[in-house]
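Q: Please see the structure below; I have some questions.
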Amino acid sequence: MLFVAESTGEENANLYNRGVGEGYSGELLDASELLELLDVFGEDGLRSYLLGYSEGVDDAMEEDNE
């Protein structure tokens, strides 16, 4: 049976910030890394990372349009 941990609020904030940075820099998402995030931080942690990643991509696109 697979054990999935739950992340804390601080970990979620750190994952969000990590996602923003990686999305902004244009790093591609890697499926194995996403699964590892899910295993270690649970659904909430993965969701925080993906929301941050999306925000980082949006920020980079907005900056390019200026």
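Naming works like this for the structure tokens: A, B, ... for the chains as they're shown, residue 1 at the start of each chain, ligands 1 onward in shown order.
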Quick one: residues within 8 Å of region 40-43 of chain A, only C-alpha atoms counted, chain neighbours fewer than 2 positions away excluded, as number ranges by chain?

A: A: 4-7, 36-38, 45-47

Q: CA of Gly52 (chain A) and CA of Asn17 (chain A), how far apart in Å?

A: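 Those two atoms sit 6.1 Å apart.
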
Q: Just the residues within 7 Å of Tyr49 (chain A), please, counting only C-alpha atoms, with nothing from its chain fewer than 4 positions along; format it as JSON, numbers by chain.

A: {"A": [15, 16, 18, 19, 45, 53]}

Q: Could you please take those selected residues and save all heavy atoms as a PDB file, in the first residue's frame?

A:
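After the write, out37.pdb holds the following:
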```
ATOM      1  N   LEU A  15       6.428  25.139  -1.382  1.00  0.00           N
ATOM      2  CA  LEU A  15       6.179  24.469  -2.657  1.00  0.00           C
ATOM      3  C   LEU A  15       5.589  25.435  -3.676  1.00  0.00           C
ATOM      4  O   LEU A  15       5.940  25.396  -4.857  1.00  0.00           O
ATOM      5  CB  LEU A  15       5.248  23.270  -2.458  1.00  0.00           C
ATOM      6  CG  LEU A  15       5.876  22.073  -1.756  1.00  0.00           C
ATOM      7  CD1 LEU A  15       4.792  21.104  -1.311  1.00  0.00           C
ATOM      8  CD2 LEU A  15       6.881  21.384  -2.659  1.00  0.00           C
ATOM      9  N   TYR A  16       4.695  26.305  -3.228  1.00  0.00           N
ATOM     10  CA  TYR A  16       4.125  27.316  -4.120  1.00  0.00           C
ATOM     11  C   TYR A  16       5.236  28.215  -4.663  1.00  0.00           C
ATOM     12  O   TYR A  16       5.325  28.442  -5.876  1.00  0.00           O
ATOM     13  CB  TYR A  16       3.075  28.150  -3.372  1.00  0.00           C
ATOM     14  CG  TYR A  16       2.496  29.258  -4.212  1.00  0.00           C
ATOM     15  CD1 TYR A  16       1.431  29.011  -5.068  1.00  0.00           C
ATOM     16  CD2 TYR A  16       3.015  30.542  -4.148  1.00  0.00           C
ATOM     17  CE1 TYR A  16       0.898  30.021  -5.852  1.00  0.00           C
ATOM     18  CE2 TYR A  16       2.485  31.559  -4.923  1.00  0.00           C
ATOM     19  CZ  TYR A  16       1.434  31.291  -5.775  1.00  0.00           C
ATOM     20  OH  TYR A  16       0.924  32.297  -6.557  1.00  0.00           O
ATOM     21  N   ARG A  18       8.424  27.600  -4.855  1.00  0.00           N
ATOM     22  CA  ARG A  18       9.285  26.801  -5.741  1.00  0.00           C
ATOM     23  C   ARG A  18       8.639  26.687  -7.121  1.00  0.00           C
ATOM     24  O   ARG A  18       9.302  26.845  -8.151  1.00  0.00           O
ATOM     25  CB  ARG A  18       9.502  25.421  -5.134  1.00  0.00           C
ATOM     26  CG  ARG A  18      10.240  24.471  -6.027  1.00  0.00           C
ATOM     27  CD  ARG A  18      10.402  23.127  -5.359  1.00  0.00           C
ATOM     28  NE  ARG A  18      10.770  22.114  -6.316  1.00  0.00           N
ATOM     29  CZ  ARG A  18      10.859  20.829  -6.046  1.00  0.00           C
ATOM     30  NH1 ARG A  18      10.617  20.394  -4.822  1.00  0.00           N
ATOM     31  NH2 ARG A  18      11.187  19.971  -6.974  1.00  0.00           N
ATOM     32  N   GLY A  19       7.330  26.430  -7.146  1.00  0.00           N
ATOM     33  CA  GLY A  19       6.616  26.334  -8.411  1.00  0.00           C
ATOM     34  C   GLY A  19       6.648  27.635  -9.187  1.00  0.00           C
ATOM     35  O   GLY A  19       6.839  27.632 -10.409  1.00  0.00           O
ATOM     36  N   GLY A  45       0.128  19.490  -1.138  1.00  0.00           N
ATOM     37  CA  GLY A  45       1.456  19.966  -1.516  1.00  0.00           C
ATOM     38  C   GLY A  45       1.629  20.024  -3.016  1.00  0.00           C
ATOM     39  O   GLY A  45       2.159  20.999  -3.558  1.00  0.00           O
ATOM     40  N   TYR A  53       3.457  26.999 -10.046  1.00  0.00           N
ATOM     41  CA  TYR A  53       4.053  26.827 -11.373  1.00  0.00           C
ATOM     42  C   TYR A  53       3.243  27.596 -12.414  1.00  0.00           C
ATOM     43  O   TYR A  53       3.788  28.333 -13.231  1.00  0.00           O
ATOM     44  CB  TYR A  53       4.110  25.339 -11.732  1.00  0.00           C
ATOM     45  CG  TYR A  53       4.813  25.064 -13.030  1.00  0.00           C
ATOM     46  CD1 TYR A  53       6.185  24.848 -13.060  1.00  0.00           C
ATOM     47  CD2 TYR A  53       4.113  25.008 -14.232  1.00  0.00           C
ATOM     48  CE1 TYR A  53       6.836  24.604 -14.252  1.00  0.00           C
ATOM     49  CE2 TYR A  53       4.756  24.767 -15.414  1.00  0.00           C
ATOM     50  CZ  TYR A  53       6.115  24.558 -15.431  1.00  0.00           C
ATOM     51  OH  TYR A  53       6.753  24.323 -16.620  1.00  0.00           O
TER      52      TYR A  53
END
```

Q: What separation in Å, quoted to one decimal, exists between CA of Asp64 (chain A) and CA of Tyr24 (chain A)?

A: 11.0 Å

Q: Determine the nearest neighbour of Leu50 (chain A) from the options A:Gly23, A:Asn65, A:Ala31, A:Glu11, counting only C-alpha atoms.

A: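 Smallest distance to Leu50 (chain A) is found for A:Gly23.
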
Q: Would you list the contacts of Glu63 (chain A) as a PyMOL selection string, taking every protein, DNA or RNA residue within 12 Å and counting only C-alpha atoms, but skipping same-chain residues closer than 4 positions in sequence?

A: chain A and resi 24-25+56-59

Q: For N, CA, C and O atoms, I'd like the residues from the last selection saved as a PDB file, in the first residue's frame.

A:
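Saved result, result.pdb, follows:
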```pdb
ATOM      1  N   TYR A  24       8.359  30.361 -13.822  1.00  0.00           N
ATOM      2  CA  TYR A  24       8.857  31.610 -14.377  1.00  0.00           C
ATOM      3  C   TYR A  24      10.111  31.385 -15.218  1.00  0.00           C
ATOM      4  O   TYR A  24      10.289  32.006 -16.256  1.00  0.00           O
ATOM      5  N   SER A  25      10.968  30.482 -14.761  1.00  0.00           N
ATOM      6  CA  SER A  25      12.218  30.238 -15.486  1.00  0.00           C
ATOM      7  C   SER A  25      12.026  29.334 -16.698  1.00  0.00           C
ATOM      8  O   SER A  25      12.953  29.135 -17.475  1.00  0.00           O
ATOM      9  N   GLY A  56       3.811  31.270 -12.067  1.00  0.00           N
ATOM     10  CA  GLY A  56       5.118  31.648 -12.598  1.00  0.00           C
ATOM     11  C   GLY A  56       5.120  31.738 -14.109  1.00  0.00           C
ATOM     12  O   GLY A  56       5.707  32.662 -14.694  1.00  0.00           O
ATOM     13  N   VAL A  57       4.456  30.790 -14.764  1.00  0.00           N
ATOM     14  CA  VAL A  57       4.349  30.829 -16.232  1.00  0.00           C
ATOM     15  C   VAL A  57       3.581  32.072 -16.660  1.00  0.00           C
ATOM     16  O   VAL A  57       3.985  32.771 -17.598  1.00  0.00           O
ATOM     17  N   ASP A  58       2.466  32.370 -15.983  1.00  0.00           N
ATOM     18  CA  ASP A  58       1.680  33.572 -16.294  1.00  0.00           C
ATOM     19  C   ASP A  58       2.504  34.840 -16.113  1.00  0.00           C
ATOM     20  O   ASP A  58       2.450  35.745 -16.954  1.00  0.00           O
ATOM     21  N   ASP A  59       3.268  34.914 -15.031  1.00  0.00           N
ATOM     22  CA  ASP A  59       4.112  36.086 -14.780  1.00  0.00           C
ATOM     23  C   ASP A  59       5.135  36.269 -15.893  1.00  0.00           C
ATOM     24  O   ASP A  59       5.370  37.386 -16.353  1.00  0.00           O
TER      25      ASP A  59
END
```

Q: Enter the distance from CA of Met61 (chain A) to CA of Val20 (chain A), in Å, rounded to one decimal.

A: 12.6 Å
